[in-house]
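Just protein.txt here, compact mmCIF, C-alpha atoms:
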```txt
# COMPACT_ATOMS: atom_id res chain seq x y z
CA MET N 1 -16.33 8.53 106.73
CA LYS N 2 -18.79 10.28 109.03
CA ILE N 3 -21.64 11.74 106.97
CA ALA N 4 -24.80 13.67 107.88
CA VAL N 5 -27.97 13.73 105.79
CA LEU N 6 -30.00 16.87 106.49
CA SER N 7 -33.63 15.82 106.11
CA ARG N 8 -36.95 16.64 107.80
CA ASN N 9 -38.16 13.03 107.53
CA GLU N 10 -35.97 9.95 107.92
CA ASN N 11 -38.75 7.77 106.43
CA LEU N 12 -38.75 9.45 103.01
CA TYR N 13 -37.51 7.17 100.21
CA SER N 14 -34.61 9.46 99.29
CA THR N 15 -33.45 9.79 102.90
CA ARG N 16 -33.70 6.04 103.54
CA ARG N 17 -31.77 5.24 100.35
CA LEU N 18 -29.01 7.68 101.22
CA LYS N 19 -28.63 6.15 104.68
CA GLU N 20 -28.72 2.56 103.35
CA ALA N 21 -26.30 3.25 100.48
CA GLY N 22 -23.82 5.04 102.74
CA GLU N 23 -23.84 2.34 105.39
CA ALA N 24 -23.47 -0.34 102.71
CA ARG N 25 -20.23 1.39 101.68
CA GLY N 26 -18.92 1.38 105.27
CA HIS N 27 -19.76 4.97 106.25
CA GLN N 28 -21.44 6.19 109.42
CA VAL N 29 -24.56 8.04 108.25
CA ASP N 30 -26.66 10.17 110.63
CA VAL N 31 -30.01 11.64 109.59
CA ILE N 32 -30.44 15.10 111.15
CA ASP N 33 -33.67 17.12 111.10
CA THR N 34 -32.69 20.47 109.59
CA LEU N 35 -35.20 22.54 111.56
CA HIS N 36 -34.10 21.00 114.88
CA CYS N 37 -30.53 22.20 114.34
CA TYR N 38 -29.55 25.42 116.04
CA MET N 39 -26.38 27.36 115.54
CA ASP N 40 -23.74 28.51 117.96
CA ILE N 41 -22.37 31.62 116.27
CA THR N 42 -19.31 32.62 118.20
CA ARG N 43 -15.83 33.97 117.54
CA SER N 44 -13.49 31.55 115.75
CA ARG N 45 -15.49 28.43 116.65
CA PRO N 46 -18.79 28.05 114.77
CA ALA N 47 -20.79 24.98 115.78
CA VAL N 48 -24.13 23.28 115.19
CA ARG N 49 -26.13 22.01 118.16
CA TYR N 50 -28.83 19.34 118.03
CA GLN N 51 -31.06 17.89 120.77
CA GLY N 52 -29.06 19.65 123.48
CA HIS N 53 -25.61 18.61 122.26
CA GLU N 54 -22.96 19.98 119.95
CA LEU N 55 -22.80 17.90 116.78
CA PRO N 56 -19.48 16.16 116.11
CA TYR N 57 -17.37 16.97 113.06
CA TYR N 58 -18.73 15.39 109.87
CA ASP N 59 -16.58 14.67 106.83
CA ALA N 60 -19.51 15.50 104.56
CA VAL N 61 -23.09 16.75 104.65
CA ILE N 62 -25.78 15.82 102.13
CA PRO N 63 -28.43 18.57 102.23
CA ARG N 64 -32.02 17.50 101.50
CA ILE N 65 -33.54 20.93 101.96
CA GLY N 66 -37.26 21.25 101.16
CA ALA N 67 -38.47 24.36 99.33
CA SER N 68 -40.52 25.52 102.33
CA VAL N 69 -37.44 25.66 104.59
CA THR N 70 -34.90 27.04 102.10
CA PHE N 71 -33.86 30.07 104.16
CA TYR N 72 -33.22 28.21 107.41
CA GLY N 73 -31.87 25.12 105.66
CA ALA N 74 -29.33 27.19 103.74
CA ALA N 75 -28.25 28.87 106.99
CA VAL N 76 -27.61 25.45 108.58
CA VAL N 77 -25.61 24.31 105.54
CA ARG N 78 -23.60 27.55 105.68
CA GLN N 79 -22.76 26.87 109.33
CA PHE N 80 -21.38 23.44 108.40
CA GLU N 81 -19.34 25.08 105.63
CA MET N 82 -17.84 27.50 108.17
CA MET N 83 -16.86 24.48 110.28
CA GLY N 84 -14.90 23.07 107.32
CA THR N 85 -17.32 20.26 106.45
CA PHE N 86 -17.63 19.28 102.79
CA CYS N 87 -21.19 20.04 101.68
CA VAL N 88 -22.36 18.16 98.59
CA ASN N 89 -24.40 21.19 97.59
CA GLU N 90 -23.33 24.53 99.00
CA SER N 91 -25.65 27.03 100.67
CA VAL N 92 -25.17 29.68 97.96
CA ALA N 93 -25.99 27.21 95.20
CA ILE N 94 -29.11 25.95 97.02
CA SER N 95 -30.42 29.48 97.52
CA ARG N 96 -29.61 30.40 93.92
CA SER N 97 -31.43 27.39 92.48
CA ARG N 98 -34.53 27.97 94.62
CA ASP N 99 -35.01 31.46 93.18
CA LYS N 100 -36.59 30.60 89.79
CA LEU N 101 -36.11 34.09 88.41
CA ARG N 102 -32.46 34.33 89.46
CA SER N 103 -31.82 30.85 88.06
CA LEU N 104 -33.23 31.75 84.66
CA GLN N 105 -31.27 35.02 84.56
CA LEU N 106 -28.01 33.20 85.33
CA LEU N 107 -28.69 30.45 82.78
CA SER N 108 -29.65 33.04 80.15
CA ARG N 109 -26.40 34.92 80.66
CA ARG N 110 -24.43 31.72 80.11
CA ASP N 111 -26.27 30.88 76.87
CA VAL N 112 -28.17 27.84 78.19
CA GLY N 113 -31.29 26.98 76.19
CA LEU N 114 -34.47 28.32 77.85
CA PRO N 115 -38.13 28.84 76.95
CA ARG N 116 -38.74 32.53 76.31
CA THR N 117 -39.70 33.99 79.68
CA GLY N 118 -41.19 37.24 80.94
CA PHE N 119 -41.40 38.70 84.42
CA ALA N 120 -43.27 41.85 85.39
CA ASN N 121 -44.77 43.58 88.39
CA ARG N 122 -47.61 45.85 87.17
CA PRO N 123 -50.83 44.89 85.33
CA ASP N 124 -50.41 47.68 82.73
CA ASN N 125 -47.53 45.63 81.26
CA VAL N 126 -49.64 42.50 80.73
CA LYS N 127 -50.48 42.77 77.01
CA ASP N 128 -46.89 43.43 75.99
CA LEU N 129 -45.67 40.76 78.42
CA ILE N 130 -47.87 38.18 76.66
CA LYS N 131 -46.87 39.40 73.20
CA ASN N 132 -43.17 39.31 74.09
CA VAL N 133 -43.20 35.56 74.86
CA GLY N 134 -45.02 34.76 71.63
CA GLY N 135 -48.66 34.96 72.75
CA ALA N 136 -51.01 32.18 73.84
CA PRO N 137 -50.90 29.36 74.51
CA LEU N 138 -48.45 30.17 77.28
CA VAL N 139 -47.55 28.96 80.76
CA ILE N 140 -47.94 31.08 83.88
CA LYS N 141 -45.98 30.03 86.98
CA LEU N 142 -45.92 31.15 90.57
CA LEU N 143 -42.34 31.98 91.45
CA GLU N 144 -42.63 29.98 94.70
CA GLY N 145 -44.54 26.97 93.31
CA THR N 146 -43.24 23.36 93.56
CA GLN N 147 -44.22 19.96 92.14
CA GLY N 148 -46.42 21.54 89.46
CA ILE N 149 -48.49 23.56 91.98
CA GLY N 150 -49.11 27.13 90.80
CA VAL N 151 -48.48 26.32 87.11
CA VAL N 152 -51.29 27.24 84.71
CA LEU N 153 -51.65 26.84 80.93
CA ALA N 154 -53.54 29.71 79.29
CA ASP N 155 -55.01 28.82 75.86
CA THR N 156 -55.86 32.37 74.74
CA ASP N 157 -54.42 35.85 75.25
CA LYS N 158 -57.62 36.88 77.03
CA ALA N 159 -57.39 33.97 79.46
CA ALA N 160 -53.70 34.74 80.04
CA GLU N 161 -54.53 38.38 80.84
CA SER N 162 -57.18 37.32 83.37
CA ILE N 163 -54.91 34.81 85.11
CA ILE N 164 -51.94 37.18 85.23
CA GLU N 165 -54.07 40.04 86.60
CA ALA N 166 -55.57 37.70 89.21
CA PHE N 167 -52.12 36.60 90.40
CA MET N 168 -50.88 40.18 90.43
CA GLY N 169 -53.96 41.22 92.40
CA LEU N 170 -52.86 38.75 95.05
CA LYS N 171 -49.37 40.31 94.94
CA ALA N 172 -47.91 36.98 93.79
CA ASP N 173 -44.66 36.98 91.81
CA ILE N 174 -45.10 35.12 88.52
CA LEU N 175 -43.20 34.05 85.42
CA VAL N 176 -44.81 33.93 81.98
CA GLN N 177 -43.24 31.42 79.57
CA GLU N 178 -43.78 30.28 76.03
CA TYR N 179 -45.55 26.94 75.78
CA ILE N 180 -43.38 24.27 74.16
CA LYS N 181 -46.15 22.44 72.34
CA GLU N 182 -43.84 19.94 70.64
CA ALA N 183 -42.83 18.55 74.06
CA GLY N 184 -46.27 16.93 74.21
CA GLY N 185 -46.66 17.17 77.98
CA ALA N 186 -43.36 15.35 78.58
CA ASP N 187 -40.04 16.42 80.03
CA ILE N 188 -36.69 14.79 80.74
CA ARG N 189 -35.22 14.67 84.24
CA CYS N 190 -31.43 14.48 84.07
CA PHE N 191 -29.78 13.52 87.35
CA VAL N 192 -26.37 15.18 87.51
CA VAL N 193 -23.63 14.13 89.93
CA GLY N 194 -20.38 16.07 89.66
CA THR N 195 -19.80 16.70 85.97
CA LYS N 196 -21.85 13.80 84.60
CA VAL N 197 -25.47 12.90 83.94
CA VAL N 198 -25.61 9.58 85.82
CA ALA N 199 -29.26 8.77 85.06
CA ALA N 200 -32.11 10.18 82.98
CA MET N 201 -35.83 9.50 82.67
CA LYS N 202 -38.62 10.81 80.48
CA ARG N 203 -41.69 11.89 82.44
CA GLN N 204 -45.05 11.99 80.67
CA GLY N 205 -48.09 13.82 82.00
CA GLY N 206 -51.40 12.00 82.28
CA GLU N 207 -54.24 12.30 79.79
CA GLY N 208 -55.11 15.98 79.29
CA GLU N 209 -52.33 17.10 81.67
CA PHE N 210 -49.49 19.32 80.41
CA ARG N 211 -47.52 18.99 83.66
CA SER N 212 -45.31 15.90 83.81
CA ASN N 213 -44.62 15.82 87.58
CA LEU N 214 -44.79 12.31 89.05
CA HIS N 215 -46.58 13.83 92.06
CA ARG N 216 -49.40 14.75 89.66
CA GLY N 217 -49.88 11.27 88.22
CA GLY N 218 -47.19 11.37 85.54
CA THR N 219 -45.30 8.26 84.45
CA ALA N 220 -41.57 7.80 83.95
CA LYS N 221 -39.34 5.59 81.82
CA LEU N 222 -35.67 5.27 80.96
CA VAL N 223 -34.53 7.57 78.15
CA ARG N 224 -31.35 7.81 76.09
CA LEU N 225 -30.03 11.38 75.94
CA SER N 226 -28.60 13.13 72.93
CA LYS N 227 -25.16 14.75 73.23
CA GLU N 228 -26.81 18.17 73.27
CA GLU N 229 -29.24 17.22 76.04
CA ARG N 230 -26.44 15.77 78.15
CA ALA N 231 -24.24 18.85 77.63
CA THR N 232 -27.12 21.23 78.45
CA ALA N 233 -27.87 19.44 81.74
CA VAL N 234 -24.22 19.45 82.84
CA LYS N 235 -23.79 23.11 81.91
CA ALA N 236 -26.96 24.11 83.80
CA ALA N 237 -25.72 22.31 86.94
CA LYS N 238 -22.34 24.03 86.63
CA VAL N 239 -23.91 27.49 86.23
CA MET N 240 -25.96 26.89 89.38
CA GLY N 241 -22.88 25.60 91.23
CA LEU N 242 -24.62 22.34 92.18
CA ASN N 243 -22.75 19.04 92.49
CA VAL N 244 -25.93 16.97 92.78
CA CYS N 245 -29.12 18.10 91.10
CA GLY N 246 -32.00 17.27 88.82
CA VAL N 247 -32.13 19.26 85.58
CA ASP N 248 -35.53 19.24 83.87
CA LEU N 249 -35.42 19.64 80.08
CA LEU N 250 -38.04 20.04 77.38
CA GLN N 251 -37.38 18.95 73.81
CA SER N 252 -38.13 21.93 71.55
CA VAL N 253 -37.65 22.60 67.83
CA ASN N 254 -34.67 24.76 68.82
CA GLY N 255 -33.04 22.01 70.88
CA PRO N 256 -33.25 21.21 74.61
CA VAL N 257 -34.46 23.97 76.94
CA VAL N 258 -34.10 24.01 80.72
CA MET N 259 -37.27 24.31 82.77
CA GLU N 260 -35.78 23.98 86.24
CA VAL N 261 -32.70 22.95 88.20
CA ASN N 262 -33.62 21.13 91.41
CA SER N 263 -31.07 21.09 94.25
CA SER N 264 -32.85 18.29 96.18
CA PRO N 265 -34.07 15.90 93.47
CA GLY N 266 -35.97 12.84 94.62
CA LEU N 267 -34.35 9.43 94.16
CA GLU N 268 -37.42 7.19 93.99
CA GLY N 269 -38.63 7.98 90.48
CA ILE N 270 -35.18 8.04 88.87
CA GLU N 271 -33.95 4.83 90.56
CA GLN N 272 -37.12 2.93 89.67
CA ALA N 273 -37.19 4.16 86.06
CA THR N 274 -33.49 3.56 85.37
CA GLN N 275 -32.70 0.72 87.81
CA LYS N 276 -29.51 2.58 88.74
CA ASP N 277 -28.04 2.95 92.23
CA VAL N 278 -28.10 6.75 92.13
CA ALA N 279 -27.63 7.01 95.91
CA GLY N 280 -24.43 4.93 95.59
CA LEU N 281 -23.16 7.22 92.82
CA ILE N 282 -23.61 10.22 95.14
CA TYR N 283 -21.34 8.49 97.69
CA GLU N 284 -18.78 7.76 94.97
CA PHE N 285 -18.64 11.51 94.36
CA ILE N 286 -18.27 12.22 98.09
CA GLU N 287 -15.50 9.65 98.52
CA THR N 288 -13.54 11.27 95.68
CA ASN N 289 -14.11 14.92 96.54
CA ALA N 290 -14.71 15.33 100.29
CA ALA N 291 -11.83 16.92 102.13
CA LEU N 292 -11.47 19.35 105.02
CA MET N 293 -12.28 22.93 103.88
CA SER N 294 -12.84 21.80 100.27
CA THR N 295 -16.19 23.58 100.02
CA LYS N 296 -15.57 26.44 97.60
CA THR N 297 -17.23 29.31 99.45
CA LYS N 298 -16.23 28.10 102.94
CA GLY N 299 -19.37 29.77 104.27
CA LYS N 300 -18.51 33.17 102.83
CA GLY N 301 -21.35 33.25 100.30
```
Encoded form (structure tokens):
Amino acid sequence: MKIAVLSRNENLYSTRRLKEAGEARGHQVDVIDTLHCYMDITRSRPAVRYQGHELPYYDAVIPRIGASVTFYGAAVVRQFEMMGTFCVNESVAISRSRDKLRSLQLLSRRDVGLPRTGFANRPDNVKDLIKNVGGAPLVIKLLEGTQGIGVVLADTDKAAESIIEAFMGLKADILVQEYIKEAGGADIRCFVVGTKVVAAMKRQGGEGEFRSNLHRGGTAKLVRLSKEERATAVKAAKVMGLNVCGVDLLQSVNGPVVMEVNSSPGLEGIEQATQKDVAGLIYEFIETNAALMSTKTKGKG
């Protein structure tokens, strides 16, 4: 098969592994810089151009769209969908998952476990906003933050008020969430491919750190999931419409709760922690499911 990996950097671990794993299975794999693509939007014959040439037809595209280029990246993926290419994750699903508020609203409607969350626009709602999520300690998140950046733990209601008012003064959109103390600064990353969790790791934050992101010095190890955790991760991926994603769970007294669904999960941490060929499992999914015009929205989303 002829497969394109959309990635800004061919030297990133995840991009390299996807190229290596695909070629090891006999596929032609091209790494294409998303931002260097430009679209030929014309009647009946949509095309993608790159470095002065029209790109050939690809059987499948694996989008590795960074958060900072979501809008343009999703547009490029949509163009491939309109050309009939099978996209592992579709443009609509990528855009949906990148909007933290929209994601939580969709998951809430489908009865997926979530930490209690508030969202507001004006400072005169702050006291009730804090009270409604159970009071301090609580977590305040920038809507556009990634890799733990823009996530703050407020220990008291007064501190929470000050932080929220400061963010609102900067006209930043924020979420306010209950703090799951029993998680102990750890979360579980479930790597979903198709309708299965193919690998899972427990990430633990460093000493005195409530954020478990590996980019912030957290550690990771293999973890065995409960039936409920596995089912929650698969359901969250399905609600988002993602075929390949990382679902981050916290273990609470009320069962697993979803913190985030990531449409471009990194491969390095999960492959090292679990010793699984996750990149190869993504190609297994492609080999089974890729077919002309088999992308659900066909670029209509």
Find the residues with any atom within 12 Å of (-28.0, 18.9, 91.2); use all atoms listed in the file and the coordinates as given in the file, and write the answer as a PyMOL selection string.
chain N and resi 62-64+88-90+93-94+96-98+189-199+233-248+260-267+282
Shortest interatomic distance to Ser103 of chain N - which of N:Glu268, N:Ala21, N:Val258, N:Val139, counting all atoms listed in the file
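Looking at the shortest contact to Ser103 of chain N, the residue is N:Val258.
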Please determine, counting all atoms listed in the file, which residue among N:Thr85, N:Ser252, N:Thr232, N:Thr117 has the shortest atom-to-atom distance to Lys181 of chain N.
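Between N:Thr85, N:Ser252, N:Thr232, N:Thr117, the residue approaching Lys181 of chain N most closely is N:Ser252.
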Counting only C-alpha atoms, the residue of N:Ala74, N:Val112, N:Ile149, N:Met259 that sits nearest Ala231 of chain N:
N:Val112
Is there a way to get, as a count of residues only, all residues within 6 Å of the point (-27.7, 2.9, 97.8) in file coordinates, counting only C-alpha atoms?
6
One decimal place gives the atom CA of His27 of chain N-atom CA of Ile3 of chain N separation as 7.1 Å
The residue from N:Thr219, N:Gln251, N:Ser44, N:Thr15 with the smallest atom-to-atom distance to Val31 of chain N, counting all atoms listed in the file, is N:Thr15
Separation of atom CA of Asp187 of chain N and atom CA of Gln204 of chain N, in Å?
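For atom CA of Asp187 of chain N relative to atom CA of Gln204 of chain N, the distance reads 6.7 Å.
Picture a line from atom CA of Arg116 of chain N to atom CA of Leu170 of chain N; it runs 24.3 Å.
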Return the single residue from N:Tyr50, N:Phe119, N:Phe86, N:Phe167 that is closest to Glu287 of chain N, with distances computed using all atoms listed in the file.
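For Glu287 of chain N, the nearest of the candidates is N:Phe86.
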Here is a test: counting only C-alpha atoms, which residue of N:Leu249, N:Ala172, N:Met1, N:Leu55 is nearest to Met201 of chain N?
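Between N:Leu249, N:Ala172, N:Met1, N:Leu55, the residue approaching Met201 of chain N most closely is N:Leu249.
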